[in-house]
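What follows is final-v1.txt (compact mmCIF, C-alpha atoms).
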# COMPACT_ATOMS: atom_id res chain seq x y z
CA MET A 497 -0.10 2.04 23.31
CA ASN A 498 -3.58 2.37 21.92
CA TYR A 499 -4.39 5.14 19.47
CA TYR A 500 -7.51 3.57 18.02
CA SER A 501 -9.49 1.09 20.08
CA ASP A 502 -8.88 -1.65 22.62
CA TYR A 503 -10.34 -4.09 20.11
CA ILE A 504 -7.49 -3.37 17.71
CA THR A 505 -4.90 -3.51 20.49
CA LYS A 506 -6.17 -6.96 21.51
CA LEU A 507 -6.30 -8.16 17.91
CA THR A 508 -2.75 -6.95 17.28
CA GLU A 509 -1.57 -8.72 20.44
CA GLU A 510 -3.26 -12.00 19.45
CA LEU A 511 -1.87 -11.90 15.92
CA GLY A 512 1.59 -11.00 17.24
CA ARG A 513 1.60 -14.26 19.22
CA LEU A 514 1.52 -16.32 16.02
CA PRO A 515 4.92 -17.61 14.85
CA GLY A 516 6.80 -15.37 12.41
CA ILE A 517 4.51 -12.38 12.93
CA GLY A 518 6.21 -9.41 14.57
CA HIS A 519 4.51 -6.35 16.01
CA LYS A 520 4.57 -4.33 12.76
CA SER A 521 3.15 -7.24 10.75
CA ALA A 522 0.48 -7.81 13.39
CA ALA A 523 -0.56 -4.15 13.25
CA ARG A 524 -0.70 -4.30 9.45
CA LEU A 525 -2.78 -7.51 9.56
CA ALA A 526 -5.15 -6.07 12.18
CA TYR A 527 -5.67 -2.98 10.03
CA HIS A 528 -6.32 -5.22 7.02
CA ILE A 529 -8.87 -7.32 8.94
CA ILE A 530 -10.74 -4.20 10.13
CA ASN A 531 -11.13 -3.21 6.50
CA MET A 532 -12.14 -6.63 5.19
CA PRO A 533 -15.79 -7.25 4.23
CA LYS A 534 -17.66 -8.79 7.18
CA GLU A 535 -18.41 -11.95 5.19
CA SER A 536 -14.69 -12.47 4.49
CA VAL A 537 -13.89 -12.09 8.19
CA LYS A 538 -16.57 -14.65 9.03
CA GLU A 539 -15.15 -16.99 6.40
CA LEU A 540 -11.67 -16.62 7.90
CA THR A 541 -12.78 -17.30 11.49
CA ASP A 542 -15.03 -20.19 10.39
CA VAL A 543 -12.17 -21.82 8.52
CA ILE A 544 -9.84 -21.42 11.52
CA THR A 545 -12.42 -22.93 13.87
CA ALA A 546 -13.29 -25.80 11.52
CA ALA A 547 -9.64 -26.70 10.94
CA ARG A 548 -8.95 -26.77 14.68
CA GLU A 549 -12.12 -28.78 15.38
CA LYS A 550 -11.91 -31.34 12.58
CA VAL A 551 -8.24 -31.98 12.07
CA ARG A 552 -6.63 -34.68 14.18
CA TYR A 553 -3.81 -37.20 13.96
CA CYS A 554 -4.12 -40.32 11.82
CA SER A 555 -4.46 -43.19 14.30
CA ARG A 556 -1.82 -45.15 12.39
CA CYS A 557 0.92 -42.74 11.21
CA PHE A 558 0.02 -39.52 13.13
CA ASN A 559 -0.15 -37.46 9.98
CA LEU A 560 -2.75 -34.67 10.14
CA THR A 561 -6.11 -35.75 8.76
CA ASP A 562 -9.85 -35.30 9.21
CA ALA A 563 -10.49 -39.04 9.07
CA GLU A 564 -9.72 -41.86 11.49
CA VAL A 565 -6.97 -43.10 9.15
CA CYS A 566 -5.26 -40.72 6.69
CA PRO A 567 -5.56 -41.17 2.88
CA ILE A 568 -1.93 -42.33 2.60
CA CYS A 569 -2.33 -45.09 5.21
CA SER A 570 -5.63 -46.23 3.72
CA SER A 571 -4.35 -46.24 0.11
CA GLU A 572 -3.99 -49.66 -1.55
CA LYS A 573 -1.37 -48.22 -3.88
CA ARG A 574 1.08 -47.52 -1.06
CA ASN A 575 3.56 -50.09 0.22
CA GLN A 576 2.46 -50.56 3.82
CA ALA A 577 5.65 -52.52 4.60
CA GLN A 578 7.90 -49.51 4.03
CA ILE A 579 7.69 -46.76 6.64
CA MET A 580 9.39 -43.38 6.35
CA VAL A 581 9.88 -41.70 9.72
CA VAL A 582 9.62 -37.88 9.65
CA GLU A 583 9.64 -35.25 12.37
CA ASN A 584 6.48 -33.39 11.36
CA PRO A 585 3.64 -33.31 8.81
CA ARG A 586 5.33 -30.60 6.73
CA ASP A 587 8.30 -32.93 6.17
CA LEU A 588 5.83 -35.59 5.01
CA ALA A 589 4.31 -33.06 2.59
CA ALA A 590 7.81 -32.29 1.28
CA TYR A 591 8.34 -35.96 0.34
CA GLU A 592 4.81 -36.31 -1.04
CA LYS A 593 5.58 -33.42 -3.41
CA THR A 594 8.30 -35.53 -5.07
CA GLY A 595 5.51 -37.93 -6.11
CA LYS A 596 7.99 -40.81 -6.15
CA TYR A 597 7.84 -42.30 -2.67
CA GLU A 598 5.39 -45.21 -2.57
CA GLY A 599 5.64 -46.33 1.05
CA VAL A 600 3.84 -44.92 4.06
CA TYR A 601 4.98 -42.62 6.87
CA HIS A 602 5.30 -42.26 10.60
CA VAL A 603 5.19 -38.73 11.99
CA LEU A 604 7.12 -38.35 15.25
CA HIS A 605 5.88 -34.81 15.99
CA GLY A 606 9.29 -33.75 17.21
CA ALA A 607 12.80 -35.02 17.70
CA ILE A 608 14.74 -36.07 20.76
CA SER A 609 16.44 -33.01 22.26
CA PRO A 610 18.13 -33.19 25.66
CA VAL A 611 18.68 -29.41 25.46
CA LEU A 612 14.95 -28.70 25.12
CA GLY A 613 14.10 -31.53 27.51
CA ILE A 614 12.37 -33.59 24.82
CA GLY A 615 12.89 -37.29 25.48
CA PRO A 616 11.83 -40.44 23.58
CA ALA A 617 8.55 -40.49 25.53
CA ASP A 618 7.62 -37.00 24.28
CA ILE A 619 7.44 -37.98 20.60
CA LYS A 620 5.41 -40.70 18.82
CA LEU A 621 8.15 -43.30 19.26
CA LYS A 622 6.43 -46.07 21.22
CA GLU A 623 3.64 -45.83 18.61
CA LEU A 624 6.29 -46.48 15.94
CA ILE A 625 7.71 -49.47 17.81
CA LYS A 626 4.15 -50.82 18.14
CA ARG A 627 3.73 -50.60 14.34
CA LEU A 628 6.87 -52.70 13.82
CA GLU A 629 5.00 -55.71 15.28
CA GLY A 630 3.17 -55.81 11.95
CA ASP A 631 4.54 -56.89 8.58
CA ILE A 632 7.24 -54.24 8.10
CA GLU A 633 10.23 -54.66 5.76
CA GLU A 634 12.01 -51.33 5.94
CA LEU A 635 12.18 -48.25 8.10
CA ILE A 636 13.54 -45.17 6.30
CA ILE A 637 14.59 -42.54 8.81
CA ALA A 638 14.04 -39.09 7.31
CA THR A 639 14.43 -36.89 10.37
CA ASN A 640 16.18 -33.57 9.75
CA SER A 641 19.96 -33.51 9.48
CA SER A 642 20.14 -31.35 12.59
CA LEU A 643 21.72 -32.45 15.86
CA GLU A 644 18.29 -33.49 17.19
CA GLY A 645 17.32 -35.23 13.96
CA GLU A 646 20.57 -37.23 13.87
CA ALA A 647 20.26 -38.16 17.55
CA THR A 648 16.71 -39.34 16.95
CA ALA A 649 17.84 -41.38 13.92
CA MET A 650 20.58 -43.07 15.94
CA TYR A 651 18.18 -43.77 18.80
CA ILE A 652 15.58 -45.39 16.52
CA SER A 653 18.26 -47.34 14.64
CA LYS A 654 19.64 -48.90 17.84
CA LEU A 655 16.14 -49.70 19.02
CA VAL A 656 14.98 -51.35 15.79
CA LYS A 657 18.10 -53.20 14.60
CA PRO A 658 17.62 -56.19 16.96
CA THR A 659 14.22 -56.85 15.32
CA GLY A 660 15.93 -57.62 11.98
CA ILE A 661 13.91 -54.99 10.11
CA LYS A 662 16.04 -53.07 7.60
CA VAL A 663 16.74 -49.56 8.89
CA SER A 664 17.99 -46.92 6.46
CA ARG A 665 18.71 -43.21 6.66
CA ILE A 666 18.10 -40.75 3.80
CA ALA A 667 21.43 -39.76 2.24
CA SER A 668 23.14 -36.62 3.41
CA GLY A 669 22.31 -34.84 0.19
CA VAL A 670 20.20 -32.81 2.53
CA PRO A 671 22.30 -29.82 3.64
CA VAL A 672 23.40 -30.05 7.27
CA GLY A 673 21.33 -27.85 9.55
CA GLY A 674 18.67 -27.38 6.87
CA ASP A 675 14.94 -27.83 7.35
CA LEU A 676 13.51 -30.60 5.16
CA GLU A 677 10.44 -28.64 4.16
CA TYR A 678 12.46 -25.93 2.38
CA ILE A 679 14.62 -28.21 0.26
CA ASP A 680 14.05 -28.65 -3.49
CA GLU A 681 12.50 -31.85 -4.79
CA VAL A 682 15.57 -33.00 -6.73
CA THR A 683 17.74 -32.91 -3.61
CA LEU A 684 15.04 -34.70 -1.65
CA LEU A 685 14.89 -37.47 -4.26
CA ARG A 686 18.67 -37.79 -4.41
CA ALA A 687 18.74 -38.18 -0.65
CA LEU A 688 16.08 -40.89 -0.88
CA GLU A 689 17.90 -42.82 -3.63
CA GLY A 690 21.25 -42.60 -1.84
CA ARG A 691 19.95 -43.87 1.48
CA VAL A 692 22.38 -46.13 3.36
CA THR A 693 21.67 -49.08 5.66
CA LEU A 694 22.41 -48.22 9.28
CA MET B 483 -1.99 -30.11 -3.29
CA ASN B 484 -3.49 -31.61 -0.16
CA TYR B 485 -1.52 -34.15 1.86
CA TYR B 486 -3.43 -33.76 5.10
CA SER B 487 -7.01 -32.56 5.03
CA ASP B 488 -9.18 -30.16 3.03
CA TYR B 489 -9.66 -28.17 6.24
CA ILE B 490 -5.94 -27.39 6.33
CA THR B 491 -5.86 -26.62 2.60
CA LYS B 492 -8.70 -24.12 3.04
CA LEU B 493 -7.11 -22.59 6.12
CA THR B 494 -3.77 -22.23 4.32
CA GLU B 495 -5.53 -20.57 1.38
CA GLU B 496 -7.40 -18.12 3.63
CA LEU B 497 -4.27 -17.18 5.58
CA GLY B 498 -2.30 -16.84 2.33
CA ARG B 499 -4.74 -14.13 1.21
CA LEU B 500 -3.69 -11.86 4.07
CA PRO B 501 -1.12 -9.20 3.17
CA GLY B 502 2.54 -10.14 3.66
CA ILE B 503 1.79 -13.84 4.19
CA GLY B 504 3.16 -16.11 1.46
CA HIS B 505 2.30 -19.75 0.89
CA LYS B 506 5.07 -21.12 3.15
CA SER B 507 4.15 -18.76 6.01
CA ALA B 508 0.47 -19.64 5.59
CA ALA B 509 1.26 -23.37 5.80
CA ARG B 510 3.37 -22.78 8.91
CA LEU B 511 0.61 -20.70 10.52
CA ALA B 512 -2.05 -23.29 9.67
CA TYR B 513 0.07 -26.01 11.24
CA HIS B 514 0.55 -23.82 14.32
CA ILE B 515 -3.20 -23.17 14.62
CA ILE B 516 -4.01 -26.90 14.35
CA ASN B 517 -1.71 -27.47 17.33
CA MET B 518 -2.97 -24.56 19.46
CA PRO B 519 -5.19 -25.30 22.49
CA LYS B 520 -8.87 -25.03 21.47
CA GLU B 521 -9.43 -22.17 23.94
CA SER B 522 -6.62 -20.15 22.34
CA VAL B 523 -8.13 -20.68 18.89
CA LYS B 524 -11.51 -19.52 20.19
CA GLU B 525 -9.86 -16.45 21.74
CA LEU B 526 -8.18 -15.65 18.42
CA THR B 527 -11.37 -15.95 16.34
CA ASP B 528 -13.42 -14.06 18.96
CA VAL B 529 -10.95 -11.18 18.95
CA ILE B 530 -10.95 -11.06 15.13
CA THR B 531 -14.75 -11.03 15.03
CA ALA B 532 -15.08 -8.42 17.80
CA ALA B 533 -12.54 -6.09 16.20
CA ARG B 534 -14.31 -6.28 12.84
CA GLU B 535 -17.74 -5.79 14.45
CA LYS B 536 -16.93 -2.98 16.88
CA VAL B 537 -14.31 -0.89 15.16
CA ARG B 538 -15.48 1.88 12.86
CA TYR B 539 -14.37 5.29 11.64
CA CYS B 540 -14.52 8.34 13.90
CA SER B 541 -17.36 10.45 12.49
CA ARG B 542 -15.12 13.52 12.62
CA CYS B 543 -11.56 12.53 11.64
CA PHE B 544 -12.08 8.98 10.26
CA ASN B 545 -9.52 7.49 12.62
CA LEU B 546 -10.34 3.95 13.71
CA THR B 547 -12.32 3.85 16.96
CA ASP B 548 -15.03 1.94 18.79
CA ALA B 549 -16.86 5.15 19.76
CA GLU B 550 -18.86 7.66 17.71
CA VAL B 551 -16.02 10.19 18.05
CA CYS B 552 -12.43 9.03 18.68
CA PRO B 553 -10.54 9.91 21.92
CA ILE B 554 -8.29 12.38 20.09
CA CYS B 555 -11.21 14.36 18.60
CA SER B 556 -13.07 14.38 21.91
CA SER B 557 -10.05 15.42 24.01
CA GLU B 558 -10.12 18.92 25.47
CA LYS B 559 -6.32 18.96 25.56
CA ARG B 560 -6.00 18.81 21.79
CA ASN B 561 -6.03 21.91 19.59
CA GLN B 562 -9.13 21.38 17.45
CA ALA B 563 -8.12 24.25 15.15
CA GLN B 564 -5.02 22.43 13.90
CA ILE B 565 -5.66 19.44 11.63
CA MET B 566 -2.97 17.05 10.44
CA VAL B 567 -3.97 15.20 7.28
CA VAL B 568 -2.62 11.64 7.04
CA GLU B 569 -3.19 8.82 4.58
CA ASN B 570 -4.10 6.09 7.06
CA PRO B 571 -4.54 5.33 10.78
CA ARG B 572 -1.05 3.81 11.07
CA ASP B 573 0.45 7.15 10.02
CA LEU B 574 -1.64 8.81 12.73
CA ALA B 575 -0.27 6.30 15.25
CA ALA B 576 3.27 7.12 14.09
CA TYR B 577 2.75 10.82 14.94
CA GLU B 578 0.96 10.00 18.20
CA LYS B 579 4.03 8.01 19.28
CA THR B 580 6.11 11.19 19.19
CA GLY B 581 3.84 12.50 22.00
CA LYS B 582 4.49 16.08 20.85
CA TYR B 583 1.73 16.83 18.38
CA GLU B 584 -1.19 18.56 20.12
CA GLY B 585 -3.59 19.14 17.24
CA VAL B 586 -6.12 16.72 15.77
CA TYR B 587 -6.09 14.62 12.61
CA HIS B 588 -7.94 13.85 9.42
CA VAL B 589 -7.45 10.39 7.97
CA LEU B 590 -7.90 10.26 4.18
CA HIS B 591 -7.82 6.46 3.92
CA GLY B 592 -5.72 6.57 0.80
CA ALA B 593 -4.04 8.99 -1.56
CA ILE B 594 -4.91 10.21 -5.03
CA SER B 595 -3.39 7.84 -7.59
CA PRO B 596 -4.30 8.12 -11.28
CA VAL B 597 -2.31 4.92 -11.91
CA LEU B 598 -4.45 2.90 -9.47
CA GLY B 599 -7.57 4.80 -10.52
CA ILE B 600 -8.00 6.43 -7.09
CA GLY B 601 -9.46 9.92 -7.49
CA PRO B 602 -10.32 12.67 -4.98
CA ALA B 603 -13.81 11.19 -4.54
CA ASP B 604 -12.35 7.85 -3.41
CA ILE B 605 -10.68 9.22 -0.27
CA LYS B 606 -12.12 11.20 2.67
CA LEU B 607 -11.49 14.54 0.98
CA LYS B 608 -14.94 16.13 0.80
CA GLU B 609 -15.25 15.26 4.50
CA LEU B 610 -12.05 17.24 5.11
CA ILE B 611 -13.35 20.23 3.11
CA LYS B 612 -16.56 20.09 5.16
CA ARG B 613 -14.52 20.30 8.38
CA LEU B 614 -12.82 23.48 7.14
CA GLU B 615 -16.17 25.31 7.48
CA GLY B 616 -15.50 25.21 11.23
CA ASP B 617 -12.95 27.24 13.18
CA ILE B 618 -9.75 25.89 11.62
CA GLU B 619 -6.41 27.75 11.70
CA GLU B 620 -3.98 25.35 10.11
CA LEU B 621 -3.94 22.28 7.93
CA ILE B 622 -0.72 20.25 8.19
CA ILE B 623 -0.43 17.87 5.26
CA ALA B 624 1.42 14.74 6.38
CA THR B 625 0.74 12.44 3.46
CA ASN B 626 3.63 10.15 2.51
CA SER B 627 6.48 11.57 0.43
CA SER B 628 5.60 9.17 -2.38
CA LEU B 629 4.33 10.27 -5.78
CA GLU B 630 0.72 9.73 -4.65
CA GLY B 631 1.29 11.45 -1.31
CA GLU B 632 2.84 14.51 -2.96
CA ALA B 633 0.08 14.69 -5.57
CA THR B 634 -2.53 14.52 -2.81
CA ALA B 635 -0.72 17.26 -0.86
CA MET B 636 -0.66 19.54 -3.93
CA TYR B 637 -4.32 18.83 -4.65
CA ILE B 638 -5.42 19.69 -1.10
CA SER B 639 -3.19 22.75 -1.00
CA LYS B 640 -4.72 24.20 -4.18
CA LEU B 641 -8.21 23.44 -2.92
CA VAL B 642 -7.73 25.00 0.53
CA LYS B 643 -5.55 28.06 -0.19
CA PRO B 644 -8.46 30.26 -1.40
CA THR B 645 -10.13 29.82 2.01
CA GLY B 646 -7.26 31.69 3.74
CA ILE B 647 -6.55 28.78 6.09
CA LYS B 648 -2.81 28.23 6.56
CA VAL B 649 -1.72 25.08 4.72
CA SER B 650 1.63 23.50 5.57
CA ARG B 651 3.49 20.37 4.54
CA ILE B 652 5.72 18.35 6.88
CA ALA B 653 9.37 18.92 5.96
CA SER B 654 11.14 16.54 3.65
CA GLY B 655 13.13 15.07 6.51
CA VAL B 656 11.03 12.08 5.64
CA PRO B 657 13.00 9.98 3.15
CA VAL B 658 11.56 10.04 -0.36
CA GLY B 659 9.59 6.89 -1.16
CA GLY B 660 9.48 5.91 2.51
CA ASP B 661 6.40 4.86 4.45
CA LEU B 662 5.61 7.20 7.35
CA GLU B 663 4.82 4.40 9.76
CA TYR B 664 8.34 2.95 9.63
CA ILE B 665 10.24 6.17 10.29
CA ASP B 666 11.88 6.91 13.65
CA GLU B 667 10.31 9.47 15.97
CA VAL B 668 13.18 11.99 15.81
CA THR B 669 12.89 12.22 12.02
CA LEU B 670 9.12 12.53 12.29
CA LEU B 671 9.50 15.42 14.77
CA ARG B 672 12.13 17.15 12.63
CA ALA B 673 9.79 16.92 9.69
CA LEU B 674 7.00 18.46 11.78
CA GLU B 675 9.15 21.34 13.08
CA GLY B 676 10.55 22.11 9.63
CA ARG B 677 7.17 22.25 7.93
CA VAL B 678 6.85 24.92 5.25
CA THR B 679 3.84 26.95 4.21
CA LEU B 680 2.52 25.87 0.81

Could you render the structure from this file as structure tokens?
Amino acid sequence: MNYYSDYITKLTEELGRLPGIGHKSAARLAYHIINMPKESVKELTDVITAAREKVRYCSRCFNLTDAEVCPICSSEKRNQAQIMVVENPRDLAAYEKTGKYEGVYHVLHGAISPVLGIGPADIKLKELIKRLEGDIEELIIATNSSLEGEATAMYISKLVKPTGIKVSRIASGVPVGGDLEYIDEVTLLRALEGRVTL
Amino acid sequence: MNYYSDYITKLTEELGRLPGIGHKSAARLAYHIINMPKESVKELTDVITAAREKVRYCSRCFNLTDAEVCPICSSEKRNQAQIMVVENPRDLAAYEKTGKYEGVYHVLHGAISPVLGIGPADIKLKELIKRLEGDIEELIIATNSSLEGEATAMYISKLVKPTGIKVSRIASGVPVGGDLEYIDEVTLLRALEGRVTL
């Protein structure tokens, strides 16, 4: 129902489509935006547009970046022979926050899920296998400890083991069913230290 | 800290400034926006811009509208002699949802709050007094039942009583400290029916 203006109705609908924003929150946000200074609204829309236009995947690890190769992959301080495999960029950020991991990453952008119809071809898996042709010593699998994350870990492990590259899995200090990005840094580090060879 | 791109950092910051969106939600939203189709992002920013550009206050009741006078004020079916005073447009929408109120509104855009330094001159109060020069029979004060809402109700009541116009207050069926916009329609109607003359 529209008590104000179709413009507000449309705005509320658009905002309500964003994840985690219900109808009440969308209405509150729309009302807030209507009352923002015009320059602030322009700043907000410009920043949204720029982010969508400029941000892309790193051609090596598929982390989000605005360069051809992300700062982690192009850093000389990082051990390029140690790759940590994560499901998404927020999981990468979670490990970067610990400040202790010195290898590089590979972002799968998903996990294998027969239930959701997501197969090995739907995530950045063949790109990972391609990277293993280089000088790689260890693959640390840091997918979530969910059903999908574990299945993906097993799948990668079986695939990579014949190559002789060491494959490890972060320790199950990570609570089962938990999302990596919400876990405290100490637990994340403990899981990294306690990783076991698969 | 920035693990991806300055564009994402800026986007997360901008989104985090919106009400009710914390840092984690902002990061999640930013990530979602990066992965949205470009057309959807354009639609979102266009709708935000249009809403901010086109929506303004009704010149009579200060409801949000894209016309000079809002549909409620310009409707012949509404009793123009009965004005319900609300704090903000969302409170107006809450009463409109009941479908039973047939008068018009006056939106104050705030409430008197000495603590926050909001005085009578900071809300649309002199505009309300101006409207009372017309053919008005009743003023229904439907400000929130918070400290500020009650203070505003008392202030308006004292101001208007000498004019002889009937001033009423919605009944205290509305829970104390509650926000009008979140209350169910039955309670809102009971509060309207049980209004008492001040």

*Would you list the contacts of Lys648 (chain B) as a PyMOL selection string, taking every protein, DNA or RNA residue within 12 Å and counting all atoms listed in the file, but skipping same-chain residues closer than 2 positions in sequence?*
chain B and resi 563-566+614+618-623+638-646+650-651+677-680

*Quick one, how far is CA of Phe558 (chain A) from CA of Pro515 (chain A)?*
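Straight-line distance from CA of Phe558 (chain A) to CA of Pro515 (chain A) works out to 22.5 Å.
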
_Could you check the closest approach to chain A for each of B:Gly504, B:Arg534, B:Glu521, B:Tyr539 and tell me which residue wins, using all atoms listed in the file?_
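The closest residue to chain A is B:Arg534.
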
*Interatomic distance between CA of Lys538 (chain A) and CA of Ala549 (chain B)?*
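Atom-to-atom, CA of Lys538 (chain A) and CA of Ala549 (chain B) are spaced 22.5 Å apart.
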
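Here CA of Leu493 (chain B) and CA of Lys550 (chain A) stand 11.9 Å from one another.
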
Report as an mmCIF file with C-alpha atoms, in the frame of the given file the set of chain A residues whose atoms approach chain B to within 9 Å, with distances computed over only C-alpha atoms.
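Written file, result_37.cif:
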data_model
loop_
_atom_site.group_PDB
_atom_site.id
_atom_site.type_symbol
_atom_site.label_atom_id
_atom_site.label_comp_id
_atom_site.auth_asym_id
_atom_site.auth_seq_id
_atom_site.Cartn_x
_atom_site.Cartn_y
_atom_site.Cartn_z
ATOM 1 C CA MET A 497 -0.100 2.040 23.310
ATOM 2 C CA ASN A 498 -3.580 2.370 21.920
ATOM 3 C CA TYR A 499 -4.390 5.140 19.470
ATOM 4 C CA TYR A 500 -7.510 3.570 18.020
ATOM 5 C CA SER A 501 -9.490 1.090 20.080
ATOM 6 C CA ASP A 502 -8.880 -1.650 22.620
ATOM 7 C CA TYR A 503 -10.340 -4.090 20.110
ATOM 8 C CA ILE A 504 -7.490 -3.370 17.710
ATOM 9 C CA LYS A 506 -6.170 -6.960 21.510
ATOM 10 C CA LEU A 507 -6.300 -8.160 17.910
ATOM 11 C CA GLU A 510 -3.260 -12.000 19.450
ATOM 12 C CA LEU A 511 -1.870 -11.900 15.920
ATOM 13 C CA LEU A 514 1.520 -16.320 16.020
ATOM 14 C CA PRO A 515 4.920 -17.610 14.850
ATOM 15 C CA GLY A 516 6.800 -15.370 12.410
ATOM 16 C CA LYS A 520 4.570 -4.330 12.760
ATOM 17 C CA SER A 521 3.150 -7.240 10.750
ATOM 18 C CA ALA A 523 -0.560 -4.150 13.250
ATOM 19 C CA ARG A 524 -0.700 -4.300 9.450
ATOM 20 C CA LEU A 525 -2.780 -7.510 9.560
ATOM 21 C CA ALA A 526 -5.150 -6.070 12.180
ATOM 22 C CA TYR A 527 -5.670 -2.980 10.030
ATOM 23 C CA HIS A 528 -6.320 -5.220 7.020
ATOM 24 C CA ILE A 529 -8.870 -7.320 8.940
ATOM 25 C CA ILE A 530 -10.740 -4.200 10.130
ATOM 26 C CA ASN A 531 -11.130 -3.210 6.500
ATOM 27 C CA MET A 532 -12.140 -6.630 5.190
ATOM 28 C CA PRO A 533 -15.790 -7.250 4.230
ATOM 29 C CA LYS A 534 -17.660 -8.790 7.180
ATOM 30 C CA VAL A 537 -13.890 -12.090 8.190
ATOM 31 C CA LYS A 538 -16.570 -14.650 9.030
ATOM 32 C CA GLU A 539 -15.150 -16.990 6.400
ATOM 33 C CA LEU A 540 -11.670 -16.620 7.900
ATOM 34 C CA THR A 541 -12.780 -17.300 11.490
ATOM 35 C CA ASP A 542 -15.030 -20.190 10.390
ATOM 36 C CA VAL A 543 -12.170 -21.820 8.520
ATOM 37 C CA ILE A 544 -9.840 -21.420 11.520
ATOM 38 C CA THR A 545 -12.420 -22.930 13.870
ATOM 39 C CA ALA A 546 -13.290 -25.800 11.520
ATOM 40 C CA ALA A 547 -9.640 -26.700 10.940
ATOM 41 C CA ARG A 548 -8.950 -26.770 14.680
ATOM 42 C CA GLU A 549 -12.120 -28.780 15.380
ATOM 43 C CA LYS A 550 -11.910 -31.340 12.580
ATOM 44 C CA VAL A 551 -8.240 -31.980 12.070
ATOM 45 C CA ARG A 552 -6.630 -34.680 14.180
ATOM 46 C CA ASN A 559 -0.150 -37.460 9.980
ATOM 47 C CA LEU A 560 -2.750 -34.670 10.140
ATOM 48 C CA THR A 561 -6.110 -35.750 8.760
ATOM 49 C CA ASP A 562 -9.850 -35.300 9.210
ATOM 50 C CA ALA A 563 -10.490 -39.040 9.070
ATOM 51 C CA CYS A 566 -5.260 -40.720 6.690
ATOM 52 C CA PRO A 567 -5.560 -41.170 2.880
ATOM 53 C CA ILE A 568 -1.930 -42.330 2.600
ATOM 54 C CA PRO A 585 3.640 -33.310 8.810
ATOM 55 C CA ARG A 586 5.330 -30.600 6.730
ATOM 56 C CA LEU A 588 5.830 -35.590 5.010
ATOM 57 C CA ALA A 589 4.310 -33.060 2.590
ATOM 58 C CA GLU A 592 4.810 -36.310 -1.040
ATOM 59 C CA LYS A 593 5.580 -33.420 -3.410
ATOM 60 C CA TYR A 678 12.460 -25.930 2.380
#

_List as a PyMOL selection string the protein and nucleic acid residues near Val565 (chain A), meaning an atom at most 7 Å away when all atoms listed in the file are counted, but skip any in the same chain fewer than 4 places from it._
chain A and resi 554-556+569-570

*asked:* I'd like to know which of B:Ile665, B:Glu630, B:Gln562, B:Glu615 is closest to Leu598 (chain B), using all atoms listed in the file.
replied: B:Glu630

*Name the closest residue to Cys557 (chain A) among the candidates A:Ala522, A:Ser609, A:Gly615, A:Glu623; distances are taken between atoms, counting all atoms listed in the file.*
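Closest residue, counting all atoms listed in the file: A:Glu623.
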
_Here is a test: counting all atoms listed in the file, which residue of A:Gly512, A:Gly630, A:Gly599, A:Gly613 is nearest to Val581 (chain A)?_
A:Gly599

Output as lines of an AutoDock Vina configuration file the centre and edge lengths (Å, one decimal) of the box along x, y and z of the file that holds every listed atom of region 586-589 of chain A after adding 6 Å on each side.
center_x = 6.3
center_y = -33.1
center_z = 4.7
size_x = 16.0
size_y = 17.0
size_z = 16.1
